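upload31.cif (mmCIF, N, CA and C atoms) appears below.
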data_entry
loop_
_atom_site.label_atom_id
_atom_site.label_comp_id
_atom_site.auth_asym_id
_atom_site.auth_seq_id
_atom_site.Cartn_x
_atom_site.Cartn_y
_atom_site.Cartn_z
N ASN A 74 5.83 -0.46 33.93
CA ASN A 74 5.11 -1.66 34.31
C ASN A 74 4.89 -2.58 33.11
N ASN A 75 5.61 -2.29 32.00
CA ASN A 75 5.59 -3.12 30.79
C ASN A 75 4.19 -3.35 30.24
N GLN A 76 3.48 -2.27 29.93
CA GLN A 76 2.15 -2.41 29.37
C GLN A 76 2.25 -2.52 27.86
N ASN A 77 1.41 -3.35 27.28
CA ASN A 77 1.36 -3.55 25.85
C ASN A 77 0.17 -2.79 25.29
N ASP A 78 -0.11 -2.93 24.00
CA ASP A 78 -1.20 -2.20 23.36
C ASP A 78 -2.57 -2.53 23.96
N ASP A 79 -2.71 -3.73 24.54
CA ASP A 79 -4.00 -4.11 25.10
C ASP A 79 -4.25 -3.52 26.49
N GLY A 80 -3.27 -2.75 27.01
CA GLY A 80 -3.44 -2.10 28.30
C GLY A 80 -3.11 -2.99 29.50
N LEU A 81 -2.83 -4.27 29.23
CA LEU A 81 -2.50 -5.18 30.31
C LEU A 81 -0.99 -5.21 30.53
N THR A 82 -0.59 -5.38 31.78
CA THR A 82 0.83 -5.56 32.05
C THR A 82 1.22 -6.96 31.61
N PHE A 83 2.52 -7.20 31.53
CA PHE A 83 3.01 -8.52 31.16
C PHE A 83 2.47 -9.58 32.12
N ARG A 84 2.52 -9.28 33.41
CA ARG A 84 2.05 -10.23 34.43
C ARG A 84 0.55 -10.51 34.24
N GLN A 85 -0.24 -9.49 33.92
CA GLN A 85 -1.68 -9.68 33.72
C GLN A 85 -1.94 -10.54 32.47
N ARG A 86 -1.16 -10.32 31.40
CA ARG A 86 -1.33 -11.14 30.20
C ARG A 86 -0.96 -12.59 30.47
N LEU A 87 0.11 -12.79 31.26
CA LEU A 87 0.54 -14.14 31.60
C LEU A 87 -0.53 -14.86 32.41
N THR A 88 -1.09 -14.18 33.40
CA THR A 88 -2.13 -14.77 34.24
C THR A 88 -3.37 -15.09 33.41
N LYS A 89 -3.72 -14.19 32.51
CA LYS A 89 -4.89 -14.37 31.65
C LYS A 89 -4.72 -15.59 30.74
N ALA A 90 -3.48 -15.90 30.36
CA ALA A 90 -3.22 -16.99 29.43
C ALA A 90 -3.46 -18.37 30.04
N GLY A 91 -3.37 -18.49 31.35
CA GLY A 91 -3.66 -19.77 31.99
C GLY A 91 -2.46 -20.40 32.65
N LEU A 92 -2.76 -21.39 33.47
CA LEU A 92 -1.74 -22.04 34.29
C LEU A 92 -0.65 -22.70 33.46
N SER A 93 -1.02 -23.40 32.40
CA SER A 93 0.01 -24.10 31.63
C SER A 93 0.99 -23.13 30.99
N VAL A 94 0.51 -21.95 30.61
CA VAL A 94 1.41 -20.93 30.05
C VAL A 94 2.30 -20.37 31.15
N VAL A 95 1.75 -20.18 32.34
CA VAL A 95 2.56 -19.70 33.47
C VAL A 95 3.66 -20.71 33.78
N LEU A 96 3.31 -22.00 33.82
CA LEU A 96 4.31 -23.04 34.07
C LEU A 96 5.37 -23.05 32.97
N SER A 97 4.95 -23.00 31.74
CA SER A 97 5.91 -23.05 30.64
C SER A 97 6.73 -21.77 30.57
N TYR A 98 6.15 -20.63 30.94
CA TYR A 98 6.93 -19.38 30.94
C TYR A 98 8.03 -19.46 31.99
N GLY A 99 7.72 -19.99 33.16
CA GLY A 99 8.75 -20.15 34.18
C GLY A 99 9.89 -21.00 33.66
N PHE A 100 9.55 -22.08 32.98
CA PHE A 100 10.57 -22.97 32.42
C PHE A 100 11.39 -22.27 31.35
N VAL A 101 10.72 -21.66 30.38
CA VAL A 101 11.42 -20.98 29.28
C VAL A 101 12.30 -19.86 29.82
N SER A 102 11.78 -19.09 30.73
CA SER A 102 12.53 -17.98 31.31
C SER A 102 13.76 -18.49 32.06
N ASN A 103 13.58 -19.51 32.88
CA ASN A 103 14.71 -20.07 33.62
C ASN A 103 15.77 -20.62 32.68
N MET A 104 15.36 -21.33 31.64
CA MET A 104 16.32 -21.89 30.69
C MET A 104 17.07 -20.77 29.97
N SER A 105 16.36 -19.73 29.61
CA SER A 105 16.97 -18.58 28.94
C SER A 105 18.04 -17.93 29.82
N TYR A 106 17.72 -17.77 31.08
CA TYR A 106 18.68 -17.16 31.99
C TYR A 106 19.85 -18.10 32.28
N CYS A 107 19.61 -19.39 32.33
CA CYS A 107 20.71 -20.35 32.53
C CYS A 107 21.70 -20.28 31.37
N VAL A 108 21.18 -20.24 30.17
CA VAL A 108 22.04 -20.13 28.99
C VAL A 108 22.80 -18.81 29.03
N SER A 109 22.12 -17.74 29.39
CA SER A 109 22.77 -16.42 29.46
C SER A 109 23.89 -16.39 30.49
N VAL A 110 23.63 -16.94 31.67
CA VAL A 110 24.66 -16.98 32.71
C VAL A 110 25.85 -17.81 32.23
N SER A 111 25.56 -18.93 31.58
CA SER A 111 26.64 -19.79 31.10
C SER A 111 27.49 -19.11 30.04
N ILE A 112 26.86 -18.41 29.11
CA ILE A 112 27.61 -17.69 28.07
C ILE A 112 28.42 -16.56 28.70
N ALA A 113 27.80 -15.83 29.61
CA ALA A 113 28.52 -14.75 30.29
C ALA A 113 29.70 -15.32 31.08
N TRP A 114 29.51 -16.46 31.71
CA TRP A 114 30.56 -17.11 32.48
C TRP A 114 31.74 -17.47 31.56
N TYR A 115 31.40 -18.04 30.41
CA TYR A 115 32.44 -18.40 29.43
C TYR A 115 33.21 -17.15 28.99
N ILE A 116 32.49 -16.12 28.60
CA ILE A 116 33.14 -14.88 28.13
C ILE A 116 34.03 -14.30 29.22
N PHE A 117 33.52 -14.25 30.43
CA PHE A 117 34.30 -13.69 31.54
C PHE A 117 35.57 -14.52 31.77
N CYS A 118 35.41 -15.83 31.85
CA CYS A 118 36.55 -16.71 32.10
C CYS A 118 37.58 -16.63 30.97
N LYS A 119 37.11 -16.59 29.76
CA LYS A 119 38.01 -16.54 28.59
C LYS A 119 38.80 -15.23 28.59
N ARG A 120 38.14 -14.12 28.92
CA ARG A 120 38.81 -12.81 28.92
C ARG A 120 39.78 -12.64 30.08
N THR A 121 39.41 -13.15 31.25
CA THR A 121 40.20 -12.87 32.45
C THR A 121 41.07 -14.04 32.90
N LEU A 122 40.76 -15.23 32.39
CA LEU A 122 41.40 -16.47 32.85
C LEU A 122 41.18 -16.70 34.35
N LEU A 123 40.08 -16.14 34.86
CA LEU A 123 39.70 -16.30 36.26
C LEU A 123 38.23 -16.74 36.33
N SER A 124 37.91 -17.38 37.43
CA SER A 124 36.51 -17.70 37.71
C SER A 124 35.83 -16.46 38.27
N PRO A 125 34.56 -16.25 37.96
CA PRO A 125 33.83 -15.17 38.60
C PRO A 125 33.77 -15.32 40.12
N LEU A 126 34.01 -16.54 40.61
CA LEU A 126 33.99 -16.79 42.05
C LEU A 126 35.32 -16.47 42.73
N ALA A 127 36.34 -16.14 41.94
CA ALA A 127 37.63 -15.75 42.53
C ALA A 127 37.44 -14.43 43.28
N PRO A 128 38.24 -14.21 44.32
CA PRO A 128 38.09 -12.98 45.11
C PRO A 128 38.12 -11.72 44.24
N GLY A 129 37.11 -10.88 44.45
CA GLY A 129 37.02 -9.59 43.77
C GLY A 129 36.50 -9.63 42.35
N GLN A 130 36.14 -10.80 41.84
CA GLN A 130 35.73 -10.93 40.43
C GLN A 130 34.23 -10.84 40.20
N TRP A 131 33.45 -11.08 41.23
CA TRP A 131 31.99 -11.13 41.06
C TRP A 131 31.41 -9.84 40.47
N PRO A 132 31.78 -8.66 40.95
CA PRO A 132 31.23 -7.43 40.34
C PRO A 132 31.60 -7.30 38.86
N LYS A 133 32.79 -7.75 38.51
CA LYS A 133 33.21 -7.68 37.10
C LYS A 133 32.40 -8.66 36.26
N PHE A 134 32.13 -9.84 36.82
CA PHE A 134 31.28 -10.80 36.11
C PHE A 134 29.88 -10.23 35.91
N LEU A 135 29.33 -9.61 36.95
CA LEU A 135 27.98 -9.04 36.84
C LEU A 135 27.91 -7.97 35.75
N ALA A 136 29.01 -7.27 35.53
CA ALA A 136 29.05 -6.28 34.44
C ALA A 136 28.90 -6.97 33.09
N VAL A 137 29.54 -8.13 32.93
CA VAL A 137 29.41 -8.90 31.68
C VAL A 137 27.99 -9.44 31.56
N TYR A 138 27.50 -10.02 32.65
CA TYR A 138 26.17 -10.63 32.64
C TYR A 138 25.05 -9.61 32.42
N SER A 139 25.25 -8.39 32.85
CA SER A 139 24.18 -7.39 32.76
C SER A 139 23.70 -7.18 31.32
N GLY A 140 24.59 -7.30 30.37
CA GLY A 140 24.18 -7.19 28.96
C GLY A 140 23.23 -8.30 28.56
N PHE A 141 23.49 -9.49 29.05
CA PHE A 141 22.60 -10.62 28.77
C PHE A 141 21.25 -10.44 29.47
N TRP A 142 21.28 -9.88 30.67
CA TRP A 142 20.05 -9.62 31.40
C TRP A 142 19.16 -8.63 30.62
N VAL A 143 19.79 -7.59 30.10
CA VAL A 143 19.04 -6.60 29.30
C VAL A 143 18.46 -7.29 28.06
N PHE A 144 19.27 -8.10 27.39
CA PHE A 144 18.81 -8.81 26.20
C PHE A 144 17.60 -9.69 26.54
N ASN A 145 17.67 -10.43 27.65
CA ASN A 145 16.56 -11.30 28.04
C ASN A 145 15.28 -10.51 28.28
N ASN A 146 15.40 -9.31 28.77
CA ASN A 146 14.21 -8.49 28.97
C ASN A 146 13.67 -7.96 27.65
N ILE A 147 14.54 -7.67 26.71
CA ILE A 147 14.09 -7.21 25.39
C ILE A 147 13.35 -8.31 24.64
N VAL A 148 13.81 -9.56 24.79
CA VAL A 148 13.18 -10.67 24.07
C VAL A 148 12.06 -11.34 24.87
N ARG A 149 11.60 -10.69 25.91
CA ARG A 149 10.51 -11.25 26.72
C ARG A 149 9.29 -11.63 25.88
N PRO A 150 8.86 -10.82 24.91
CA PRO A 150 7.71 -11.25 24.10
C PRO A 150 7.98 -12.56 23.34
N ILE A 151 9.20 -12.77 22.92
CA ILE A 151 9.55 -14.02 22.23
C ILE A 151 9.47 -15.18 23.22
N ARG A 152 9.96 -14.96 24.44
CA ARG A 152 9.89 -16.01 25.46
C ARG A 152 8.42 -16.33 25.79
N PHE A 153 7.59 -15.29 25.83
CA PHE A 153 6.17 -15.51 26.08
C PHE A 153 5.55 -16.33 24.95
N GLY A 154 5.88 -15.98 23.71
CA GLY A 154 5.35 -16.73 22.57
C GLY A 154 5.78 -18.20 22.60
N LEU A 155 7.03 -18.43 22.94
CA LEU A 155 7.52 -19.81 23.05
C LEU A 155 6.79 -20.53 24.18
N SER A 156 6.51 -19.83 25.25
CA SER A 156 5.78 -20.42 26.38
C SER A 156 4.38 -20.86 25.95
N VAL A 157 3.72 -20.02 25.18
CA VAL A 157 2.39 -20.38 24.68
C VAL A 157 2.50 -21.61 23.78
N ALA A 158 3.54 -21.63 22.93
CA ALA A 158 3.71 -22.74 22.00
C ALA A 158 3.95 -24.08 22.72
N ILE A 159 4.66 -24.07 23.84
CA ILE A 159 4.95 -25.34 24.53
C ILE A 159 4.01 -25.61 25.71
N SER A 160 3.07 -24.73 25.95
CA SER A 160 2.20 -24.88 27.12
C SER A 160 1.41 -26.19 27.11
N THR A 161 1.05 -26.67 25.94
CA THR A 161 0.31 -27.94 25.88
C THR A 161 1.16 -29.09 26.40
N GLN A 162 2.48 -28.98 26.23
CA GLN A 162 3.36 -30.02 26.76
C GLN A 162 3.32 -30.04 28.29
N PHE A 163 3.21 -28.86 28.89
CA PHE A 163 3.11 -28.81 30.35
C PHE A 163 1.79 -29.39 30.82
N ASP A 164 0.72 -29.16 30.06
CA ASP A 164 -0.57 -29.80 30.39
C ASP A 164 -0.42 -31.32 30.37
N LYS A 165 0.27 -31.82 29.35
CA LYS A 165 0.47 -33.27 29.22
C LYS A 165 1.32 -33.81 30.36
N ILE A 166 2.33 -33.07 30.77
CA ILE A 166 3.20 -33.50 31.87
C ILE A 166 2.39 -33.58 33.17
N VAL A 167 1.58 -32.56 33.43
CA VAL A 167 0.75 -32.54 34.64
C VAL A 167 -0.20 -33.74 34.64
N LEU A 168 -0.85 -33.99 33.51
CA LEU A 168 -1.77 -35.13 33.42
C LEU A 168 -1.02 -36.45 33.60
N TRP A 169 0.15 -36.58 33.00
CA TRP A 169 0.94 -37.80 33.11
C TRP A 169 1.32 -38.05 34.57
N ILE A 170 1.75 -37.01 35.27
CA ILE A 170 2.11 -37.16 36.68
C ILE A 170 0.88 -37.54 37.50
N GLN A 171 -0.27 -36.92 37.19
CA GLN A 171 -1.51 -37.27 37.90
C GLN A 171 -1.81 -38.76 37.76
N GLU A 172 -1.69 -39.25 36.52
CA GLU A 172 -2.02 -40.65 36.25
C GLU A 172 -1.00 -41.61 36.85
N LYS A 173 0.27 -41.36 36.62
CA LYS A 173 1.33 -42.28 37.06
C LYS A 173 1.52 -42.27 38.58
N ALA A 174 1.44 -41.11 39.18
CA ALA A 174 1.66 -41.01 40.63
C ALA A 174 0.35 -41.11 41.41
N ARG A 175 -0.76 -41.09 40.67
CA ARG A 175 -2.09 -41.16 41.28
C ARG A 175 -2.27 -40.07 42.35
N VAL A 176 -2.02 -38.83 41.91
CA VAL A 176 -2.15 -37.67 42.79
C VAL A 176 -3.14 -36.69 42.16
N ASN A 177 -3.61 -35.74 42.97
CA ASN A 177 -4.54 -34.75 42.42
C ASN A 177 -3.78 -33.71 41.59
N ARG A 178 -4.51 -32.87 40.93
CA ARG A 178 -3.92 -31.89 40.01
C ARG A 178 -2.96 -30.94 40.73
N SER A 179 -3.32 -30.49 41.92
CA SER A 179 -2.45 -29.56 42.65
C SER A 179 -1.09 -30.17 42.95
N VAL A 180 -1.08 -31.41 43.38
CA VAL A 180 0.18 -32.10 43.67
C VAL A 180 0.97 -32.29 42.38
N ALA A 181 0.28 -32.67 41.31
CA ALA A 181 0.95 -32.86 40.02
C ALA A 181 1.57 -31.55 39.52
N ILE A 182 0.88 -30.45 39.73
CA ILE A 182 1.42 -29.14 39.34
C ILE A 182 2.66 -28.82 40.19
N GLY A 183 2.56 -29.07 41.49
CA GLY A 183 3.70 -28.84 42.37
C GLY A 183 4.91 -29.66 41.96
N LEU A 184 4.68 -30.93 41.63
CA LEU A 184 5.78 -31.79 41.18
C LEU A 184 6.36 -31.31 39.85
N THR A 185 5.50 -30.86 38.96
CA THR A 185 5.97 -30.33 37.67
C THR A 185 6.85 -29.11 37.89
N VAL A 186 6.40 -28.20 38.73
CA VAL A 186 7.19 -27.00 39.03
C VAL A 186 8.53 -27.41 39.65
N PHE A 187 8.48 -28.32 40.60
CA PHE A 187 9.70 -28.75 41.27
C PHE A 187 10.70 -29.35 40.27
N PHE A 188 10.24 -30.30 39.47
CA PHE A 188 11.18 -30.99 38.57
C PHE A 188 11.59 -30.14 37.37
N ALA A 189 10.65 -29.45 36.75
CA ALA A 189 10.99 -28.66 35.56
C ALA A 189 11.70 -27.37 35.92
N ASN A 190 11.16 -26.64 36.88
CA ASN A 190 11.68 -25.30 37.13
C ASN A 190 12.75 -25.23 38.22
N ILE A 191 12.76 -26.15 39.14
CA ILE A 191 13.77 -26.10 40.21
C ILE A 191 14.91 -27.07 39.89
N VAL A 192 14.58 -28.35 39.74
CA VAL A 192 15.63 -29.33 39.42
C VAL A 192 16.21 -29.05 38.04
N GLY A 193 15.36 -28.84 37.06
CA GLY A 193 15.84 -28.59 35.69
C GLY A 193 16.73 -27.35 35.62
N THR A 194 16.33 -26.29 36.29
CA THR A 194 17.13 -25.06 36.29
C THR A 194 18.48 -25.29 36.97
N THR A 195 18.45 -25.96 38.10
CA THR A 195 19.70 -26.22 38.83
C THR A 195 20.65 -27.07 38.01
N VAL A 196 20.14 -28.11 37.39
CA VAL A 196 20.98 -29.00 36.57
C VAL A 196 21.55 -28.24 35.38
N LEU A 197 20.71 -27.50 34.66
CA LEU A 197 21.21 -26.77 33.49
C LEU A 197 22.21 -25.70 33.90
N MET A 198 21.96 -25.00 34.99
CA MET A 198 22.89 -23.97 35.45
C MET A 198 24.25 -24.59 35.80
N CYS A 199 24.23 -25.68 36.53
CA CYS A 199 25.48 -26.34 36.92
C CYS A 199 26.24 -26.87 35.70
N LEU A 200 25.52 -27.53 34.80
CA LEU A 200 26.16 -28.04 33.59
C LEU A 200 26.69 -26.91 32.72
N GLY A 201 25.90 -25.86 32.56
CA GLY A 201 26.30 -24.73 31.73
C GLY A 201 27.54 -24.03 32.27
N ILE A 202 27.56 -23.79 33.56
CA ILE A 202 28.72 -23.12 34.17
C ILE A 202 29.94 -24.03 34.11
N SER A 203 29.75 -25.31 34.38
CA SER A 203 30.87 -26.25 34.31
C SER A 203 31.46 -26.32 32.90
N MET A 204 30.59 -26.42 31.91
CA MET A 204 31.06 -26.46 30.51
C MET A 204 31.74 -25.15 30.14
N ALA A 205 31.16 -24.03 30.55
CA ALA A 205 31.74 -22.72 30.21
C ALA A 205 33.14 -22.59 30.79
N ALA A 206 33.29 -22.96 32.04
CA ALA A 206 34.61 -22.87 32.69
C ALA A 206 35.61 -23.81 32.04
N SER A 207 35.15 -25.01 31.73
CA SER A 207 36.02 -26.00 31.11
C SER A 207 36.47 -25.56 29.72
N LEU A 208 35.51 -25.09 28.92
CA LEU A 208 35.85 -24.61 27.56
C LEU A 208 36.75 -23.39 27.58
N ALA A 209 36.61 -22.57 28.61
CA ALA A 209 37.45 -21.37 28.73
C ALA A 209 38.81 -21.69 29.36
N GLY A 210 38.98 -22.91 29.82
CA GLY A 210 40.25 -23.31 30.41
C GLY A 210 40.47 -22.83 31.83
N VAL A 211 39.36 -22.59 32.53
CA VAL A 211 39.48 -22.11 33.92
C VAL A 211 39.05 -23.20 34.88
#
Translate the structure of the given file into structure tokens.
Amino acid sequence: NNQNDDGLTFRQRLTKAGLSVVLSYGFVSNMSYCVSVSIAWYIFCKRTLLSPLAPGQWPKFLAVYSGFWVFNNIVRPIRFGLSVAISTQFDKIVLWIQEKARVNRSVAIGLTVFFANIVGTTVLMCLGISMAASLAGV
């Protein structure tokens, strides 16, 4: 359950840190995984000269990606630290959306999650995979 010296699980430490850290952790984590998928995609395409989406290739791609997944879990404390470091930026974004859109905090948080974690993740994933395939010549 990933307990640290303080006896709290990772999820409990994240919750204790506050909403802005939770928002920034989602962003940092998503960006980390997008980069990992893109690098794994490049490596797979370069080695096989095939797309992971080609028939029968997905399990082989997942074997390449699994190493990156393990790495991302090992560096989770670093991702958490980065989340704490940028959390004030998420506070500023929420406040900016509240002021500019004239909405309450809950709506501003929802919009922040949507644009940073959903739209941002989708855009980075698509760009990363496209670049990886292009650079690998697939």
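Applied to the file shown here, the PyMOL selection byres (((chain A and resi 186 and name CA) around 12) and name CA) selects the residues Leu92, Ser93, Val95, Leu96, Ser97, Tyr98, Gly99, Phe100, Asn103, Phe163, Asp164, Ile166, Val167, Ile170, Ser179, Val180, Ala181, Ile182, Gly183, Leu184, Thr185, Phe187, Phe188, Ala189, Asn190, Ile191, Val192, Gly193 and Thr194 of chain A.
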### Message
One decimal, in Å: what's the spacing between atom C of Gly140 in chain A and atom C of Leu208 in chain A?
### Response
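Between atom C of Gly140 in chain A and atom C of Leu208 in chain A the gap works out to 20.3 Å.
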### Task
Pull the neighbourhood of (18.6, -23.3, 34.7) for me: all residues within 6.5 Å in file coordinates, counting only N, CA and C atoms, as a VMD selection string.
chain A and resid 103 to 104 106 to 108 193 to 199
### Query
Mind telling me what the PyMOL selection byres ((chain A and resi 119) around 8) catches here, as an MDAnalysis selection string?
chainID A and resid 113:118 120:124 205:206 208:211
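Of note, CA of Arg152 in chain A and CA of Ser139 in chain A are spaced 18.2 Å apart.
If you measure from each of A:Ser111, A:Ala127, A:Gln171, A:Gly91 to Met204 in chain A using all atoms listed in the file, the closest one turns out to be A:Ser111.
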